[in-house]
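Heads up, upload.cif below (mmCIF, C-alpha atoms and all ligand atoms):
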```
data_my_file
#
loop_
_atom_site.label_atom_id
_atom_site.label_comp_id
_atom_site.auth_asym_id
_atom_site.auth_seq_id
_atom_site.Cartn_x
_atom_site.Cartn_y
_atom_site.Cartn_z
CA MET A 28 13.19 103.54 -8.15
CA CYS A 29 15.35 102.31 -5.20
CA GLU A 30 18.39 103.85 -6.87
CA MET A 31 16.86 107.27 -6.20
CA LEU A 32 17.89 106.84 -2.56
CA ASP A 33 21.56 106.61 -3.52
CA TYR A 34 21.86 110.31 -4.41
CA PRO A 35 20.48 112.30 -1.46
CA GLU A 36 22.67 115.29 -2.36
CA TYR A 37 21.25 115.55 -5.86
CA LEU A 38 17.82 114.03 -5.79
CA MET A 39 14.98 115.08 -3.51
CA TYR A 40 11.86 112.95 -3.93
CA ASP A 41 10.06 113.50 -0.61
CA ASN A 42 7.28 115.94 -1.54
CA GLU A 43 6.87 117.25 1.98
CA LYS A 44 10.56 118.09 2.19
CA VAL A 45 10.53 119.67 -1.28
CA ASN A 46 7.57 121.86 -0.39
CA GLU A 47 9.25 122.96 2.85
CA PHE A 48 11.92 124.66 0.76
CA ARG A 49 9.33 126.89 -0.91
CA GLY A 50 10.81 130.39 -0.94
CA LYS A 51 14.01 129.09 0.72
CA TRP A 52 15.96 127.32 -2.02
CA ASN A 53 18.91 129.63 -1.48
CA LYS A 54 19.22 128.04 1.97
CA PHE A 55 19.40 124.63 0.33
CA PHE A 56 22.22 125.78 -1.98
CA LYS A 57 23.83 127.79 0.85
CA ASN A 58 24.30 130.88 -1.30
CA GLU A 59 22.28 133.77 -2.72
CA ASN A 60 22.93 132.93 -6.38
CA ASP A 61 20.18 133.05 -9.00
CA ILE A 62 18.05 129.94 -9.42
CA TYR A 63 17.28 128.49 -12.85
CA LEU A 64 14.65 125.83 -13.44
CA GLU A 65 14.42 123.16 -16.12
CA ILE A 66 11.03 121.48 -16.65
CA GLY A 67 11.22 117.97 -18.17
CA CYS A 68 15.00 117.58 -17.97
CA GLY A 69 15.13 114.00 -19.27
CA SER A 70 18.42 112.42 -18.17
CA GLY A 71 19.89 115.78 -17.26
CA ASN A 72 22.59 116.56 -19.87
CA PHE A 73 21.41 120.11 -20.40
CA THR A 74 21.15 121.18 -16.77
CA VAL A 75 24.33 119.32 -15.75
CA GLN A 76 26.32 121.09 -18.47
CA ASN A 77 24.82 124.45 -17.52
CA ALA A 78 25.62 123.88 -13.84
CA GLN A 79 29.19 123.06 -14.80
CA LYS A 80 29.51 126.07 -17.09
CA PHE A 81 27.92 128.52 -14.62
CA PRO A 82 29.01 127.57 -11.09
CA ASP A 83 27.67 130.91 -9.79
CA ARG A 84 24.09 129.91 -10.67
CA ASN A 85 21.88 127.29 -9.04
CA TYR A 86 19.88 124.79 -11.09
CA ILE A 87 16.75 122.83 -10.21
CA ALA A 88 15.61 120.23 -12.76
CA LEU A 89 12.18 118.59 -12.79
CA GLU A 90 11.47 115.21 -14.32
CA LEU A 91 8.78 112.57 -13.92
CA ARG A 92 10.67 109.43 -14.84
CA PHE A 93 12.73 107.80 -12.08
CA LYS A 94 15.33 106.32 -14.39
CA ARG A 95 16.06 109.66 -16.05
CA LEU A 96 16.33 111.39 -12.66
CA VAL A 97 18.86 108.80 -11.50
CA LEU A 98 20.89 109.24 -14.70
CA GLY A 99 20.94 113.00 -14.10
CA ALA A 100 22.01 112.58 -10.47
CA LYS A 101 24.80 110.21 -11.56
CA LYS A 102 26.15 112.83 -13.97
CA ALA A 103 26.06 115.52 -11.26
CA THR A 104 27.85 113.15 -8.82
CA LYS A 105 30.57 112.37 -11.33
CA ARG A 106 31.28 116.09 -11.74
CA ASN A 107 30.95 116.81 -8.00
CA LEU A 108 28.59 119.71 -8.74
CA LYS A 109 27.36 121.82 -5.83
CA ASN A 110 24.75 123.87 -7.67
CA ILE A 111 22.22 121.36 -9.00
CA LEU A 112 19.22 119.47 -7.67
CA PHE A 113 16.78 117.06 -9.35
CA LEU A 114 13.16 116.84 -8.23
CA ARG A 115 10.47 114.35 -9.21
CA LYS A 116 7.88 117.02 -9.82
CA ARG A 117 5.49 118.07 -12.55
CA GLY A 118 6.06 121.46 -14.15
CA GLU A 119 2.42 122.28 -13.45
CA THR A 120 3.03 122.18 -9.66
CA ILE A 121 5.73 124.86 -9.35
CA LEU A 122 3.60 127.04 -7.05
CA GLU A 123 3.79 124.29 -4.41
CA PHE A 124 7.53 124.59 -4.01
CA PHE A 125 8.68 127.97 -5.35
CA GLY A 126 8.05 131.25 -3.62
CA GLU A 127 7.45 134.69 -5.08
CA LYS A 128 10.08 135.78 -7.61
CA GLU A 129 12.36 132.93 -6.60
CA ILE A 130 13.36 131.93 -10.15
CA SER A 131 15.52 133.86 -12.62
CA GLY A 132 14.95 131.67 -15.67
CA VAL A 133 13.09 128.61 -16.91
CA TYR A 134 14.19 126.14 -19.59
CA ILE A 135 11.74 123.90 -21.40
CA ASN A 136 13.47 121.74 -23.99
CA PHE A 137 11.61 119.47 -26.37
CA PRO A 138 8.49 119.07 -24.24
CA ASP A 139 6.07 116.37 -25.32
CA PRO A 140 4.19 117.89 -28.27
CA TRP A 141 0.75 116.46 -27.43
CA GLU A 142 -0.34 116.63 -31.04
CA GLY A 143 -4.13 116.85 -31.14
CA GLU A 144 -4.24 117.19 -27.34
CA GLU A 145 -2.80 120.68 -27.02
CA LYS A 146 -4.49 121.29 -23.66
CA LYS A 147 -2.02 118.84 -22.09
CA ARG A 148 1.01 120.89 -23.11
CA VAL A 149 3.27 122.17 -20.38
CA ILE A 150 3.60 125.62 -22.03
CA SER A 151 0.18 127.17 -21.65
CA GLU A 152 -1.52 130.31 -20.42
CA ASP A 153 -1.78 128.58 -17.07
CA LEU A 154 2.00 128.13 -16.84
CA PHE A 155 2.49 131.85 -17.50
CA LYS A 156 0.04 132.66 -14.67
CA LYS A 157 2.24 130.60 -12.37
CA LEU A 158 5.37 132.29 -13.71
CA ASP A 159 3.72 135.62 -12.81
CA VAL A 160 4.26 134.51 -9.21
CA VAL A 161 7.60 132.70 -9.21
CA LEU A 162 9.60 134.36 -12.00
CA LYS A 163 11.58 137.52 -11.28
CA SER A 164 10.97 140.69 -13.26
CA LYS A 165 13.09 140.47 -16.45
CA GLY A 166 13.31 136.71 -15.87
CA LYS A 167 13.22 134.56 -19.02
CA LEU A 168 11.65 131.42 -20.38
CA PHE A 169 13.78 129.56 -22.94
CA PHE A 170 11.99 127.07 -25.20
CA LYS A 171 13.38 124.63 -27.76
CA THR A 172 11.37 122.27 -29.90
CA ASP A 173 11.52 120.21 -33.06
CA TYR A 174 7.77 120.64 -33.51
CA GLU A 175 6.81 123.54 -35.79
CA GLN A 176 3.22 123.79 -34.57
CA TYR A 177 4.24 124.05 -30.87
CA TYR A 178 6.72 126.81 -31.85
CA ARG A 179 4.04 128.75 -33.77
CA ASP A 180 1.47 128.27 -31.00
CA VAL A 181 3.84 129.58 -28.30
CA LEU A 182 4.68 132.66 -30.40
CA LYS A 183 0.95 133.33 -30.78
CA LEU A 184 0.22 132.67 -27.11
CA VAL A 185 2.83 135.19 -25.94
CA GLU A 186 1.48 137.86 -28.33
CA ASN A 187 -1.66 137.86 -26.20
CA LEU A 188 0.08 138.03 -22.82
CA GLU A 189 0.49 141.44 -21.20
CA ASN A 190 3.44 140.58 -18.97
CA TYR A 191 5.61 138.71 -21.46
CA GLU A 192 7.45 139.51 -24.65
CA VAL A 193 9.27 137.38 -27.21
CA ILE A 194 12.79 138.83 -27.34
CA PHE A 195 14.29 136.30 -29.74
CA HIS A 196 13.04 133.50 -31.93
CA THR A 197 14.33 131.40 -34.77
CA ASP A 198 13.14 128.35 -36.64
CA ASP A 199 16.74 127.26 -37.19
CA LEU A 200 18.67 127.56 -33.92
CA HIS A 201 21.80 125.84 -35.21
CA ASN A 202 22.18 128.39 -38.00
CA SER A 203 21.39 131.40 -35.82
CA GLU A 204 23.44 133.82 -33.73
CA LYS A 205 22.62 131.67 -30.66
CA ALA A 206 24.17 128.52 -32.12
CA GLN A 207 27.53 128.86 -30.39
CA GLN A 208 26.20 129.27 -26.88
CA ASN A 209 23.62 126.52 -27.32
CA ILE A 210 23.93 123.47 -25.07
CA LYS A 211 22.42 120.41 -26.77
CA THR A 212 19.96 118.17 -24.96
CA GLU A 213 19.68 114.40 -25.47
CA PHE A 214 16.60 114.77 -27.67
CA GLU A 215 18.26 117.56 -29.62
CA GLN A 216 21.28 115.32 -30.36
CA MET A 217 18.91 112.62 -31.52
CA PHE A 218 16.85 114.93 -33.75
CA LEU A 219 20.03 116.29 -35.30
CA SER A 220 21.84 113.02 -35.88
CA LYS A 221 18.91 110.85 -36.94
CA HIS A 222 16.60 113.31 -38.64
CA ASN A 223 18.78 116.38 -39.38
CA MET A 224 15.89 118.56 -38.22
CA ASN A 225 15.83 122.32 -37.77
CA ILE A 226 15.46 123.20 -34.11
CA LYS A 227 13.04 125.99 -33.23
CA TYR A 228 13.90 128.29 -30.34
CA ILE A 229 12.16 131.12 -28.46
CA GLU A 230 13.30 133.42 -25.65
CA ILE A 231 10.50 135.10 -23.72
CA GLN A 232 11.05 137.83 -21.15
CA ARG A 233 8.80 138.83 -18.30
CA ASN A 234 8.23 142.62 -17.97
C1 LIG B 301 10.67 114.65 -25.04
S1 LIG B 301 11.44 114.51 -23.48
C2 LIG B 301 12.73 115.75 -23.56
C3 LIG B 301 13.78 115.55 -22.51
C4 LIG B 301 14.89 116.61 -22.48
N1 LIG B 301 14.35 117.92 -22.18
C5 LIG B 301 15.64 116.65 -23.79
O1 LIG B 301 15.46 117.61 -24.54
O2 LIG B 301 16.41 115.72 -24.05
C6 LIG B 301 10.26 115.26 -22.41
C7 LIG B 301 10.56 114.97 -20.94
O3 LIG B 301 9.67 115.72 -20.13
C8 LIG B 301 9.20 114.90 -19.08
N2 LIG B 301 7.87 115.47 -18.74
C9 LIG B 301 6.73 115.34 -19.45
N3 LIG B 301 5.74 116.05 -18.89
C10 LIG B 301 6.28 116.67 -17.80
C11 LIG B 301 5.77 117.53 -16.81
N4 LIG B 301 4.49 117.90 -16.83
N5 LIG B 301 6.60 117.97 -15.84
C12 LIG B 301 7.90 117.58 -15.81
N6 LIG B 301 8.45 116.76 -16.73
C13 LIG B 301 7.66 116.31 -17.71
C14 LIG B 301 9.15 113.51 -19.66
O4 LIG B 301 9.22 112.52 -18.68
C15 LIG B 301 10.36 113.51 -20.58
O5 LIG B 301 11.52 113.04 -19.94
#
```
This entry written out as structure tokens:
Amino acid sequence: MCEMLDYPEYLMYDNEKVNEFRGKWNKFFKNENDIYLEIGCGSGNFTVQNAQKFPDRNYIALELRFKRLVLGAKKATKRNLKNILFLRKRGETILEFFGEKEISGVYINFPDPWEGEEKKRVISEDLFKKLDVVLKSKGKLFFKTDYEQYYRDVLKLVENLENYEVIFHTDDLHNSEKAQQNIKTEFEQMFLSKHNMNIKYIEIQRN
């Protein structure tokens, strides 16, 4: 936990300070570029690689585990990135620290499946209500999972939402038209190398 203090440029853990930036994240990044959010970033490979690939976008990555946050901050430090920040925040609390239409896109990669306890899942009707506030019009949610039932449930959930539409989905990302642009996460690497699993993927757009 102490190591979190070593990366003040990349890791903000003081809740009061985080919440003060609500609606003002562009001031933090010192530019007007679009802001992309990752919920449950693990040790940060995905967001770090995105930030490196798209220097004209800003990235904020949320994670609960200290060790993973520190690993992410270390990777950002090594690459001297200027467009990435890690926060120790729950995905469910985004209204506390994002203002109206402040986010252009949200990534949720391999969230905990909560088999049998679906109400605990991060992707829920409640999350979409929050995205109604913080996500820009035409903003997107990108979701990857190894878990077939989560994939099916999210497709069904979005069918019943007025403001959102599934614009792409596949139950085999690595053999789809999106394979080339895909950036693999740590869990994705593991599922592929150890279990050779098909990865399910959905892109959802806000009206
Ligand atoms: C299965 S791991 C996937 C990590 C990473 N996205 C990947 O694909 O390698 C899920 C991660 O989400 C984090 N997490 C779980 N619930 C969360 C929540 N409500 N808000 C933010 N992060 C969460 C966990 O600590 C864990 O690191």
Which residues are close to Gln232 in chain A, i.e. within 7 Å by all atoms listed in the file, leaving aside same-chain residues fewer than 6 positions away? Reply as a short mmCIF file (atom, residue, chain, number, x, y, z; two decimals) with C-alpha atoms, in the coordinates of the input.
```cif
data_model
loop_
_atom_site.label_atom_id
_atom_site.label_comp_id
_atom_site.auth_asym_id
_atom_site.auth_seq_id
_atom_site.Cartn_x
_atom_site.Cartn_y
_atom_site.Cartn_z
CA LYS A 165 13.09 140.47 -16.45
CA GLY A 166 13.31 136.71 -15.87
CA LYS A 167 13.22 134.56 -19.02
CA LEU A 168 11.65 131.42 -20.38
CA TYR A 191 5.61 138.71 -21.46
CA GLU A 192 7.45 139.51 -24.65
CA VAL A 193 9.27 137.38 -27.21
CA ILE A 194 12.79 138.83 -27.34
#
```
For this session: Could you check which of A:Val133, A:Ile66, A:Leu38, A:Leu91 is closest to Ala103 in chain A, using only C-alpha atoms?
Result: A:Leu38
Problem set entry | Protein and nucleic residues near ligand LIG 301 (chain B), 10 Å, only C-alpha atoms and all ligand atoms, as a PyMOL selection string | chain A and resi 65-74+88-96+114-121+134-141+147-150+170-173+211-218
Exercise. By how many Å are CA of Lys227 in chain A and CA of Val160 in chain A apart?
Worked result: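 Atom-to-atom, CA of Lys227 in chain A to CA of Val160 in chain A, that is 27.0 Å.
Nearest-residue note for Thr104 in chain A: choosing from A:Lys156, A:Lys57, A:Gly132, A:Glu36, the minimum distance belongs to A:Glu36, counting all atoms listed in the file.
With all atoms listed in the file as the atoms that count, the residue of A:Ala206, A:Leu219, A:Leu154, A:Ile87 with the shortest distance to Leu188 in chain A is A:Leu154.
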